[in-house]
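Peer 1: Let me give you the structure first, and then I'll get to my questions.
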There are 2 protein chains.
Amino acid sequence: MQIADLFANVPADLPAELFETLLETESLRIERIVSHAHASEPDFWYDQDEHEWVLLLQGAARLELEGESEPIELRAGQAILLPAHQRHRVAWTTAEESTIWLAVFYR
Amino acid sequence: MQIADLFANVPADLPAELFETLLETESLRIERIVSHAHASEPDFWYDQDEHEWVLLLQGAARLELEGESEPIELRAGQAILLPAHQRHRVAWTTAEESTIWLAVFYR
């Protein structure tokens, strides 16, 4: 029985965001994403075919969602659902520590 | 855009484990489970039709899995996959704080 430790193996130096697939089936994918002061490129928007339920496990982040006037600030323990094709971008993640996301993608 | 806070609304007095569905589709269900010094009944085993990927968000727990000689101890940030019909029970959760689980059930 294999235990995954989502707070382990967080690189001290993280030149780009780190995406790791923890589980993948035909209909479901669970990823750990690690950010450290990263944000999406200024004009980049995610536009995904899958729904994404995302939970912040550590750190702090701000998301911009197309059609929402205010950015959404997330702290550890907070989750939101991003429906497929809800365009969004990461506006900010804290520089104080690594931000660890758990993302569940599904169709 | 609705934010769920998995560390909020944790009852101080918890006579029984608390199960809350955060997301449900045809193929997927995400639950928050809160335990506080709870364990499964001595002869009770979960035997589920769905696979369960479970992550400990807070607290500490020990699981017994049929066919494994040693119990599995989980702390915050640790996750395991319980395949469908892998019989298992919660042997122990800490009395020091609430144990908060995130469980992703899928077929």
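By convention here, the chains of the structure tokens are called A, B, ... in the order presented, each chain's residues are numbered starting at 1, and ligands are numbered starting at 1 in the order presented.
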Near Ala16 (chain B), within 9 Å and counting only C-alpha atoms, which residues show up once chain neighbours fewer than 5 positions away are dropped, as a VMD selection string?
Peer 2: chain B and resid 34 to 36 38
Peer 1: With only C-alpha atoms counted and 6 Å as the cut-off, give the residues of chain A in contact with chain B, each with its shortest interatomic distance in Å and the pair that gives it, as a Markdown table.
Peer 2:
```
| residue | atom | partner | partner_atom | distance |
| --- | --- | --- | --- | --- |
| A:Ile3 | CA | B:Ile80 | CA | 5.0 |
| A:Ala4 | CA | B:Ala79 | CA | 5.1 |
| A:Asp5 | CA | B:Gln78 | CA | 4.4 |
| A:Leu6 | CA | B:Gly77 | CA | 5.0 |
| A:Phe7 | CA | B:Gly77 | CA | 5.5 |
| A:Gly77 | CA | B:Leu6 | CA | 5.0 |
| A:Gln78 | CA | B:Asp5 | CA | 4.4 |
| A:Ala79 | CA | B:Ala4 | CA | 5.1 |
| A:Ile80 | CA | B:Ile3 | CA | 5.1 |
```
Peer 1: Taking the DSSP secondary structure from the backbone, can you list the residues of chain B that are strand (DSSP E or B), as number ranges by chain?
Peer 2: B: 4-5, 18-24, 28-35, 46, 51-58, 60-65, 72-75, 78-82, 88-93, 99-106
Peer 1: As a compact mmCIF listing (two decimals) with C-alpha atoms, in the first residue's frame, please: chain B after a least-squares superposition onto chain A using all C-alpha atoms matched in order.
Peer 2:
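Generated output (out.txt):
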```
# COMPACT_ATOMS: atom_id res chain seq x y z
CA MET B 1 -0.03 -0.01 -0.03
CA GLN B 2 1.66 3.14 -1.24
CA ILE B 3 1.38 6.38 0.71
CA ALA B 4 1.73 9.68 -1.16
CA ASP B 5 2.99 12.61 0.88
CA LEU B 6 1.78 15.85 -0.65
CA PHE B 7 3.88 18.03 1.64
CA ALA B 8 7.09 16.14 0.83
CA ASN B 9 9.44 16.58 -2.12
CA VAL B 10 8.77 20.27 -2.50
CA PRO B 11 11.84 21.66 -4.30
CA ALA B 12 13.44 24.62 -2.53
CA ASP B 13 14.24 26.13 -5.91
CA LEU B 14 11.30 26.08 -8.25
CA PRO B 15 11.96 27.83 -11.57
CA ALA B 16 8.57 26.80 -12.97
CA GLU B 17 5.36 25.46 -11.47
CA LEU B 18 5.51 21.74 -10.77
CA PHE B 19 2.67 19.47 -11.98
CA GLU B 20 2.50 15.85 -10.81
CA THR B 21 -0.23 13.33 -11.58
CA LEU B 22 -1.16 11.36 -8.47
CA LEU B 23 -3.98 9.31 -9.97
CA GLU B 24 -5.36 8.94 -13.47
CA THR B 25 -8.33 6.97 -14.77
CA GLU B 26 -10.47 7.36 -17.89
CA SER B 27 -12.73 9.92 -16.25
CA LEU B 28 -10.61 11.42 -13.48
CA ARG B 29 -7.16 12.88 -12.88
CA ILE B 30 -5.76 14.05 -9.54
CA GLU B 31 -2.74 16.33 -9.64
CA ARG B 32 -0.52 18.03 -7.12
CA ILE B 33 0.61 21.45 -8.30
CA VAL B 34 3.34 23.41 -6.51
CA SER B 35 3.76 27.14 -7.07
CA HIS B 36 6.17 29.53 -5.38
CA ALA B 37 5.48 33.15 -6.22
CA HIS B 38 4.40 32.03 -9.68
CA ALA B 39 1.55 33.52 -11.65
CA SER B 40 0.18 32.89 -15.10
CA GLU B 41 1.67 34.95 -17.91
CA PRO B 42 -0.09 38.33 -18.14
CA ASP B 43 -2.35 37.41 -21.07
CA PHE B 44 -2.58 33.67 -20.45
CA TRP B 45 -5.93 32.11 -19.57
CA TYR B 46 -6.57 28.44 -18.83
CA ASP B 47 -9.48 27.17 -20.94
CA GLN B 48 -9.94 23.49 -20.13
CA ASP B 49 -12.16 20.75 -21.51
CA GLU B 50 -12.39 19.21 -18.03
CA HIS B 51 -14.03 20.48 -14.89
CA GLU B 52 -11.49 21.21 -12.15
CA TRP B 53 -12.18 21.04 -8.43
CA VAL B 54 -9.16 22.63 -6.80
CA LEU B 55 -8.17 22.78 -3.13
CA LEU B 56 -5.37 24.84 -1.67
CA LEU B 57 -3.40 22.67 0.76
CA GLN B 58 -0.72 25.20 1.73
CA GLY B 59 0.17 28.79 0.92
CA ALA B 60 -2.03 31.49 -0.55
CA ALA B 61 -3.16 32.36 -4.05
CA ARG B 62 -5.32 34.69 -6.06
CA LEU B 63 -7.26 33.51 -9.10
CA GLU B 64 -8.85 35.61 -11.80
CA LEU B 65 -11.97 34.21 -13.43
CA GLU B 66 -13.36 35.61 -16.64
CA GLY B 67 -16.68 37.26 -15.91
CA GLU B 68 -15.92 37.87 -12.23
CA SER B 69 -15.15 41.45 -11.32
CA GLU B 70 -13.03 40.61 -8.29
CA PRO B 71 -10.17 38.11 -8.03
CA ILE B 72 -10.70 35.15 -5.70
CA GLU B 73 -8.25 34.78 -2.85
CA LEU B 74 -7.69 31.27 -1.53
CA ARG B 75 -5.93 30.16 1.62
CA ALA B 76 -5.16 26.66 2.89
CA GLY B 77 -8.26 24.51 3.18
CA GLN B 78 -10.27 26.43 0.61
CA ALA B 79 -11.60 24.89 -2.58
CA ILE B 80 -13.51 26.04 -5.63
CA LEU B 81 -15.00 24.39 -8.68
CA LEU B 82 -13.87 25.68 -12.05
CA PRO B 83 -16.35 24.36 -14.62
CA ALA B 84 -14.96 23.31 -18.00
CA HIS B 85 -14.20 26.35 -20.17
CA GLN B 86 -14.46 28.74 -17.24
CA ARG B 87 -11.45 30.78 -18.30
CA HIS B 88 -9.15 31.49 -15.38
CA ARG B 89 -5.60 32.45 -14.53
CA VAL B 90 -3.39 32.48 -11.47
CA ALA B 91 -2.90 36.15 -10.64
CA TRP B 92 -0.62 35.63 -7.64
CA THR B 93 0.84 33.07 -5.28
CA THR B 94 2.65 34.01 -2.10
CA ALA B 95 6.44 34.30 -2.02
CA GLU B 96 6.52 33.38 1.68
CA GLU B 97 6.16 29.63 1.20
CA SER B 98 5.32 27.11 -1.47
CA THR B 99 1.68 27.02 -2.48
CA ILE B 100 0.46 23.45 -2.84
CA TRP B 101 -2.72 22.73 -4.81
CA LEU B 102 -4.71 19.55 -5.11
CA ALA B 103 -6.59 19.53 -8.41
CA VAL B 104 -9.25 16.98 -9.35
CA PHE B 105 -10.02 17.08 -13.09
CA TYR B 106 -13.06 15.25 -14.39
CA ARG B 107 -15.48 15.17 -17.32
```
